[in-house]
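Structure data follow from coords-v1.txt (compact mmCIF, C-alpha atoms and all ligand atoms):
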```
# COMPACT_ATOMS: atom_id res chain seq x y z
CA MET A 1 44.02 -28.40 -25.33
CA PHE A 2 41.19 -30.17 -23.63
CA GLU A 3 39.01 -31.04 -26.60
CA HIS A 4 40.76 -34.24 -27.53
CA ARG A 5 40.10 -35.57 -24.06
CA TRP A 6 36.35 -35.11 -24.25
CA GLY A 7 35.82 -38.56 -25.69
CA GLN A 8 38.18 -40.20 -23.22
CA LYS A 9 36.18 -41.26 -20.23
CA SER A 10 38.86 -42.24 -17.78
CA LEU A 11 37.88 -41.03 -14.32
CA THR A 12 35.58 -43.02 -12.03
CA PRO A 13 33.10 -41.01 -9.94
CA GLU A 14 34.80 -42.34 -6.80
CA ASP A 15 38.19 -41.07 -7.96
CA PHE A 16 36.67 -37.71 -8.76
CA ASP A 17 35.28 -37.41 -5.23
CA THR A 18 38.63 -38.36 -3.72
CA PHE A 19 40.47 -35.69 -5.73
CA HIS A 20 38.00 -32.85 -5.44
CA ALA A 21 35.45 -33.27 -2.63
CA GLY A 22 37.32 -31.15 -0.10
CA LYS A 23 37.60 -28.17 -2.42
CA LEU A 24 34.25 -28.25 -4.14
CA ALA A 25 32.41 -25.82 -1.85
CA GLU A 26 35.03 -23.11 -2.35
CA ILE A 27 35.21 -23.71 -6.11
CA ASN A 28 31.43 -23.57 -6.45
CA SER A 29 31.10 -20.38 -4.47
CA TYR A 30 33.73 -18.79 -6.74
CA LEU A 31 31.90 -20.10 -9.83
CA THR A 32 28.58 -18.73 -8.53
CA GLN A 33 30.13 -15.25 -8.40
CA VAL A 34 31.54 -15.72 -11.88
CA THR A 35 28.13 -16.90 -13.14
CA ASN A 36 26.36 -13.90 -11.62
CA GLN A 37 28.82 -11.50 -13.22
CA ASN A 38 28.87 -13.07 -16.68
CA GLN A 39 25.39 -13.53 -18.03
CA GLU A 40 26.65 -14.97 -21.32
CA LEU A 41 28.45 -17.78 -19.49
CA PRO A 42 26.07 -20.53 -20.77
CA CYS A 43 27.38 -19.75 -24.28
CA TYR A 44 31.10 -19.71 -23.41
CA GLY A 45 33.45 -22.11 -25.14
CA GLU A 46 36.88 -23.24 -24.05
CA GLU A 47 38.68 -20.03 -25.01
CA GLU A 48 36.34 -17.74 -23.06
CA ILE A 49 36.37 -20.04 -20.03
CA ARG A 50 40.18 -20.21 -20.05
CA THR A 51 40.40 -16.40 -20.17
CA LEU A 52 37.82 -16.01 -17.42
CA LEU A 53 39.52 -18.50 -15.10
CA ALA A 54 43.12 -17.73 -16.07
CA ASN A 55 44.18 -17.23 -12.46
CA ARG A 56 42.33 -20.32 -11.20
CA THR A 57 44.06 -23.26 -12.88
CA ASP A 58 42.81 -25.47 -10.03
CA ILE A 59 39.24 -24.81 -11.20
CA LEU A 60 40.17 -25.44 -14.85
CA ASP A 61 41.65 -28.80 -13.78
CA THR A 62 38.49 -29.68 -11.87
CA LEU A 63 36.30 -28.73 -14.85
CA ARG A 64 38.47 -30.84 -17.14
CA ASP A 65 37.99 -33.81 -14.81
CA THR A 66 34.20 -33.54 -15.11
CA PHE A 67 34.65 -34.13 -18.85
CA ARG A 68 36.58 -37.29 -18.05
CA LEU A 69 33.96 -38.80 -15.72
CA ILE A 70 32.71 -42.26 -16.58
CA GLY A 71 28.92 -42.32 -16.37
CA PRO A 72 25.81 -43.60 -18.13
CA ASP A 73 25.96 -43.08 -21.88
CA PRO A 74 22.85 -41.14 -22.96
CA GLY A 75 23.43 -42.27 -26.54
CA ASN A 76 24.06 -38.78 -27.92
CA ASP A 77 26.77 -38.29 -30.49
CA PRO A 78 29.60 -36.39 -28.73
CA GLU A 79 30.84 -35.05 -32.09
CA VAL A 80 28.06 -32.49 -32.35
CA PHE A 81 28.76 -30.92 -28.97
CA THR A 82 32.32 -29.74 -29.49
CA HIS A 83 31.23 -26.68 -31.49
CA VAL A 84 30.12 -23.67 -29.45
CA PRO A 85 28.52 -21.12 -31.81
CA PRO A 86 29.14 -17.36 -31.40
CA ILE A 87 26.80 -15.46 -29.10
CA GLU A 88 24.99 -13.87 -32.07
CA ARG A 89 23.52 -17.27 -32.87
CA PHE A 90 21.53 -17.23 -29.63
CA THR A 91 18.45 -15.38 -28.42
CA SER A 92 18.48 -14.33 -24.78
CA LEU A 93 15.52 -14.87 -22.48
CA PRO A 94 15.60 -12.05 -19.93
CA GLU A 95 16.13 -12.56 -16.23
CA ILE A 96 12.92 -13.09 -14.26
CA SER A 97 11.96 -12.83 -10.60
CA TYR A 98 9.36 -15.07 -9.07
CA LYS A 99 7.96 -16.30 -5.80
CA GLY A 100 8.95 -19.87 -4.91
CA ALA A 101 6.60 -22.43 -3.40
CA ASP A 102 8.14 -21.58 -0.04
CA GLY A 103 6.93 -17.99 -0.40
CA ASN A 104 10.44 -16.56 -0.89
CA ASN A 105 11.52 -14.54 -3.88
CA TYR A 106 13.95 -15.97 -6.41
CA ARG A 107 15.43 -14.92 -9.69
CA ARG A 108 16.21 -16.95 -12.75
CA LEU A 109 19.24 -15.66 -14.61
CA VAL A 110 19.29 -14.85 -18.32
CA LYS A 111 19.01 -18.00 -20.44
CA TYR A 112 19.94 -18.57 -24.07
CA VAL A 113 18.33 -20.54 -26.86
CA PRO A 114 19.59 -20.89 -30.44
CA VAL A 115 17.94 -18.39 -32.77
CA HIS A 116 16.37 -21.11 -34.94
CA ILE A 117 14.52 -22.50 -31.91
CA ALA A 118 13.34 -19.22 -30.36
CA GLU A 119 10.31 -18.80 -32.62
CA HIS A 120 9.11 -22.38 -31.97
CA LEU A 121 9.61 -21.91 -28.26
CA HIS A 122 7.56 -18.72 -28.39
CA ASP A 123 4.68 -20.51 -30.15
CA LEU A 124 4.92 -23.43 -27.73
CA SER A 125 4.74 -21.07 -24.73
CA ASN A 126 1.69 -19.29 -26.14
CA SER A 127 -0.18 -22.57 -26.73
CA CYS A 128 0.80 -23.96 -23.31
CA ASN A 129 -0.17 -20.75 -21.51
CA GLU A 130 -3.60 -20.82 -23.14
CA TYR A 131 -4.00 -24.43 -21.99
CA ILE A 132 -2.88 -23.59 -18.45
CA THR A 133 -5.26 -20.61 -18.18
CA LEU A 134 -8.13 -22.75 -19.47
CA HIS A 135 -7.42 -25.60 -17.02
CA THR A 136 -6.71 -23.56 -13.88
CA PRO A 137 -9.63 -24.19 -11.50
CA ALA A 138 -11.76 -21.17 -10.61
CA GLY A 139 -10.40 -19.48 -7.50
CA ALA A 140 -6.97 -21.17 -7.75
CA PRO A 141 -3.94 -18.87 -7.83
CA LYS A 142 -2.96 -17.74 -11.30
CA ARG A 143 0.04 -19.69 -12.60
CA PRO A 144 2.96 -17.88 -14.20
CA GLY A 145 2.85 -20.08 -17.29
CA LEU A 146 5.56 -22.04 -19.03
CA ILE A 147 8.98 -20.88 -17.90
CA VAL A 148 12.35 -21.97 -19.28
CA GLN A 149 14.63 -23.14 -16.50
CA SER A 150 17.51 -24.11 -18.74
CA GLY A 151 18.22 -23.72 -22.44
CA TYR A 152 21.52 -23.96 -24.27
CA ARG A 153 24.50 -24.84 -22.05
CA SER A 154 27.94 -25.05 -23.59
CA PRO A 155 29.97 -28.13 -22.57
CA TRP A 156 31.98 -25.84 -20.27
CA TYR A 157 28.92 -24.42 -18.62
CA GLN A 158 27.60 -27.98 -18.30
CA ALA A 159 30.78 -28.82 -16.38
CA ILE A 160 30.09 -25.90 -14.02
CA VAL A 161 26.51 -27.14 -13.49
CA MET A 162 27.86 -30.64 -12.87
CA LEU A 163 30.15 -29.40 -10.07
CA ARG A 164 27.20 -27.74 -8.33
CA VAL A 165 25.13 -30.92 -8.56
CA ILE A 166 28.00 -33.07 -7.26
CA GLU A 167 28.20 -30.83 -4.20
CA GLN A 168 24.41 -30.87 -3.81
CA TYR A 169 24.16 -34.69 -3.84
CA GLY A 170 27.47 -35.28 -2.07
CA SER A 171 28.89 -37.64 -4.70
CA ALA A 172 29.70 -37.72 -8.38
CA ASN A 173 27.98 -41.09 -8.71
CA GLU A 174 24.64 -39.70 -7.52
CA ALA A 175 25.08 -36.48 -9.53
CA LEU A 176 25.50 -38.51 -12.73
CA ARG A 177 21.95 -39.83 -12.25
CA HIS A 178 20.68 -36.25 -12.46
CA VAL A 179 23.00 -34.42 -14.87
CA THR A 180 24.55 -35.58 -18.12
CA ILE A 181 28.32 -35.47 -18.44
CA SER A 182 29.83 -32.48 -20.23
CA GLY A 183 30.07 -33.01 -23.94
CA GLN A 184 27.11 -35.42 -24.00
CA SER A 185 24.20 -33.27 -22.86
CA GLN A 186 21.40 -32.43 -25.28
CA HIS A 187 21.53 -28.93 -23.79
CA SER A 188 24.93 -28.51 -25.46
CA ASP A 189 23.70 -29.46 -28.92
CA PRO A 190 23.44 -26.14 -30.79
CA LYS A 191 21.06 -27.60 -33.39
CA LYS A 192 18.83 -30.02 -31.48
CA THR A 193 18.94 -28.19 -28.18
CA ALA A 194 17.02 -29.48 -25.17
CA ILE A 195 15.01 -27.07 -23.02
CA ASP A 196 14.09 -27.64 -19.36
CA PHE A 197 10.82 -26.11 -18.21
CA MET A 198 9.83 -25.46 -14.65
CA VAL A 199 6.79 -25.38 -12.44
CA ILE A 200 6.59 -22.58 -9.92
CA GLY A 201 4.42 -23.03 -6.89
CA ASN A 202 2.17 -25.99 -6.26
CA LEU A 203 -1.55 -26.42 -6.17
CA GLU A 204 -1.79 -28.68 -3.13
CA GLY A 205 0.60 -26.75 -0.92
CA LYS A 206 2.06 -30.01 0.39
CA ARG A 207 5.43 -30.60 -1.16
CA THR A 208 8.60 -28.99 0.04
CA ALA A 209 10.36 -26.82 -2.46
CA ASN A 210 13.98 -27.27 -3.44
CA PRO A 211 15.69 -25.03 -0.85
CA GLU A 212 18.10 -23.64 -3.42
CA SER A 213 15.72 -22.73 -6.21
CA GLY A 214 12.37 -22.62 -4.44
CA LEU A 215 11.05 -24.74 -7.30
CA MET A 216 8.70 -27.67 -7.10
CA ASP A 217 11.08 -29.49 -9.32
CA ASP A 218 10.83 -33.12 -8.33
CA THR A 219 9.56 -35.56 -10.89
CA LEU A 220 6.12 -36.23 -9.43
CA SER A 221 5.30 -32.53 -9.03
CA PHE A 222 6.21 -31.86 -12.62
CA GLU A 223 4.43 -34.82 -14.17
CA ASN A 224 1.24 -33.94 -12.27
CA SER A 225 1.39 -30.33 -13.39
CA MET A 226 -0.73 -28.62 -15.99
CA GLU A 227 2.52 -27.50 -17.56
CA PHE A 228 3.38 -31.14 -18.35
CA GLY A 229 -0.12 -31.75 -19.70
CA ALA A 230 0.27 -28.72 -21.95
CA LEU A 231 3.71 -29.85 -23.16
CA LEU A 232 2.43 -33.33 -24.05
CA LEU A 233 -0.34 -31.74 -26.09
CA HIS A 234 1.60 -28.94 -27.78
CA GLY A 235 5.28 -30.02 -27.66
CA PRO A 236 5.41 -32.18 -30.83
CA GLU A 237 3.46 -29.77 -33.07
CA ASN A 238 6.08 -27.13 -32.15
CA GLY A 239 9.02 -29.47 -32.75
CA PHE A 240 9.76 -30.72 -29.21
CA TRP A 241 9.78 -34.32 -27.98
CA LEU A 242 10.34 -36.02 -24.62
CA PRO A 243 13.61 -38.01 -24.83
CA TYR A 244 13.72 -39.21 -21.21
CA TYR A 245 10.24 -40.72 -21.08
CA PRO A 246 9.00 -43.30 -18.54
CA ASP A 247 9.97 -46.93 -19.02
CA PRO A 248 6.82 -48.72 -20.26
CA LYS A 249 8.17 -52.03 -18.88
CA ALA A 250 8.77 -50.50 -15.43
CA PRO A 251 6.42 -47.50 -15.19
CA LEU A 252 7.30 -46.68 -11.58
CA SER A 253 11.04 -46.72 -12.25
CA ASP A 254 13.01 -43.48 -11.91
CA LEU A 255 14.91 -44.33 -15.06
CA SER A 256 13.88 -43.82 -18.65
CA PRO A 257 14.75 -46.49 -21.25
CA SER A 258 17.84 -44.39 -22.07
CA GLY A 259 19.31 -45.06 -18.60
CA ILE A 260 18.95 -41.37 -17.71
CA LYS A 261 16.45 -40.34 -15.05
CA PHE A 262 12.85 -39.89 -16.29
CA GLU A 263 12.69 -36.11 -16.84
CA PRO A 264 9.23 -34.75 -17.70
CA TRP A 265 10.63 -31.17 -17.87
CA HIS A 266 13.29 -31.96 -20.49
CA TRP A 267 12.11 -31.44 -24.11
CA GLN A 268 14.45 -31.60 -27.08
CA PHE A 269 13.89 -29.61 -30.26
CA VAL A 270 14.09 -31.86 -33.32
CA GLY A 271 11.52 -30.21 -35.61
CA ARG A 272 7.81 -30.89 -35.94
CA GLU A 273 7.93 -33.93 -38.21
CA LYS A 274 10.64 -35.77 -36.26
CA ALA A 275 9.12 -34.91 -32.86
CA THR A 276 5.72 -36.28 -33.88
CA GLU A 277 7.33 -39.39 -35.36
CA LEU A 278 9.40 -40.12 -32.23
CA MET A 279 6.49 -39.56 -29.83
CA THR A 280 4.36 -41.98 -31.88
CA GLU A 281 6.86 -44.64 -32.84
CA LEU A 282 8.38 -44.95 -29.37
CA HIS A 283 4.85 -45.10 -27.86
CA ILE A 284 5.66 -42.28 -25.48
CA TYR A 285 2.04 -41.27 -24.82
CA GLU A 286 1.31 -44.89 -23.90
CA ALA A 287 4.35 -44.92 -21.57
CA VAL A 288 3.14 -41.75 -19.83
CA ALA A 289 -0.37 -43.20 -19.50
CA ALA A 290 1.02 -46.49 -18.11
CA ARG A 291 2.98 -44.56 -15.50
CA ARG A 292 -0.07 -42.50 -14.49
CA GLU A 293 -2.07 -45.69 -14.13
CA ALA A 294 0.68 -47.37 -12.05
CA ILE A 295 1.02 -44.33 -9.77
CA SER A 296 -2.71 -44.11 -9.26
CA LEU A 297 -2.89 -47.86 -8.41
CA SER A 298 0.05 -47.65 -5.98
CA THR A 299 -1.48 -44.61 -4.20
CA HIS A 300 -4.83 -46.33 -3.81
CA THR A 301 -3.44 -49.53 -2.37
CA GLN A 302 -1.30 -47.77 0.25
ZN ZN B 401 17.40 -31.02 -19.36
```
Represent the structure contained in this file as structure tokens.
Amino acid sequence: MFEHRWGQKSLTPEDFDTFHAGKLAEINSYLTQVTNQNQELPCYGEEEIRTLLANRTDILDTLRDTFRLIGPDPGNDPEVFTHVPPIERFTSLPEISYKGADGNNYRRLVKYVPVHIAEHLHDLSNSCNEYITLHTPAGAPKRPGLIVQSGYRSPWYQAIVMLRVIEQYGSANEALRHVTISGQSQHSDPKKTAIDFMVIGNLEGKRTANPESGLMDDTLSFENSMEFGALLLHGPENGFWLPYYPDPKAPLSDLSPSGIKFEPWHWQFVGREKATELMTELHIYEAVAARREAISLSTHTQ
């Protein structure tokens, strides 16, 4: 059984790269096929993953090692992430197709959110879409509205995501700055699940899209987007807060006070009262404003 190892962080990122770097491309291409063929994969627990990969023990070993990686501690309680609820406890968001900022067509696979969050997410999307429509300049292309890039991810699915990101950045150390270790991600919390939103297309037509997703998904694009403005306004009243907010002491830093990268697209559901309290008591609006001010100053002095 792997579960008892989840809390044991015993593998350095460097060791991980030494063991697995040579094989990662092949493993990831196999896992991409598996992901495309199993749309419920984000909700799979250990048993389902073991059945699915029964003839690929090498991949199971590699996944297990992602659980063992030593990385920044996001401060989440690992206890709550070991339970993967049955699929009936989730609502599926259907697959969508869209045009990326590079003009190519992409599809986002089916995503899952816990049933108790779906209604709040629906209300949040409606409010944000109204905001976006209202604030889109006359003549500008119509925006597709708030889109969920990532919802619930079981710890096993998180491990699969981690492998892809390690290959993308070329090292486990760098990947750990972008993705939380399996068993510690807020996306794997079935009660207080985090949702990632995305921005499709860009208004200035300057930035290069992520070649894989076609998304304008770097931090600056997102924080300058109307989608982010809408989330700041309507997130808390619908139960969502911004856990990886900018560091008020170092507004231009990439890191949030948690030690995780500042992630304007990552909103965690904690309920209306708690979300409002956290946004206020941690002075998150002030931190966002301080960062905007610092960015505007640094652009003007260049
Ligand atoms: Zn996230």
Exercise. If you count all atoms listed in the file, which residues end up within 8 Å of ligand ZN 401 (chain B), as a list of chain:residue names?
Worked result: A:Ser150, A:Gly151, A:Val179, A:Ser185, A:Gln186, A:His187, A:Ala194, A:Ile195, A:Asp196, A:Glu263, A:Trp265, A:His266, A:Trp267
For this session: Can you pull out every residue within 12 Å of Val270 (chain A), counting only C-alpha atoms, but drop anything in the same chain fewer than 4 positions away, and send it as number ranges by chain?
Result: A: 116-117, 120, 186, 189-195, 235-243, 274-279
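Of note, CA of Asp15 (chain A) and CA of Thr66 (chain A) are spaced 11.1 Å apart.
One finds CA of Thr219 (chain A) at 24.8 Å from CA of Ile70 (chain A).
Considering the residues A:His283, A:Lys99, A:Lys261, A:Arg89 and counting only C-alpha atoms, Ala175 (chain A) has its shortest atom-to-atom contact with A:Lys261.
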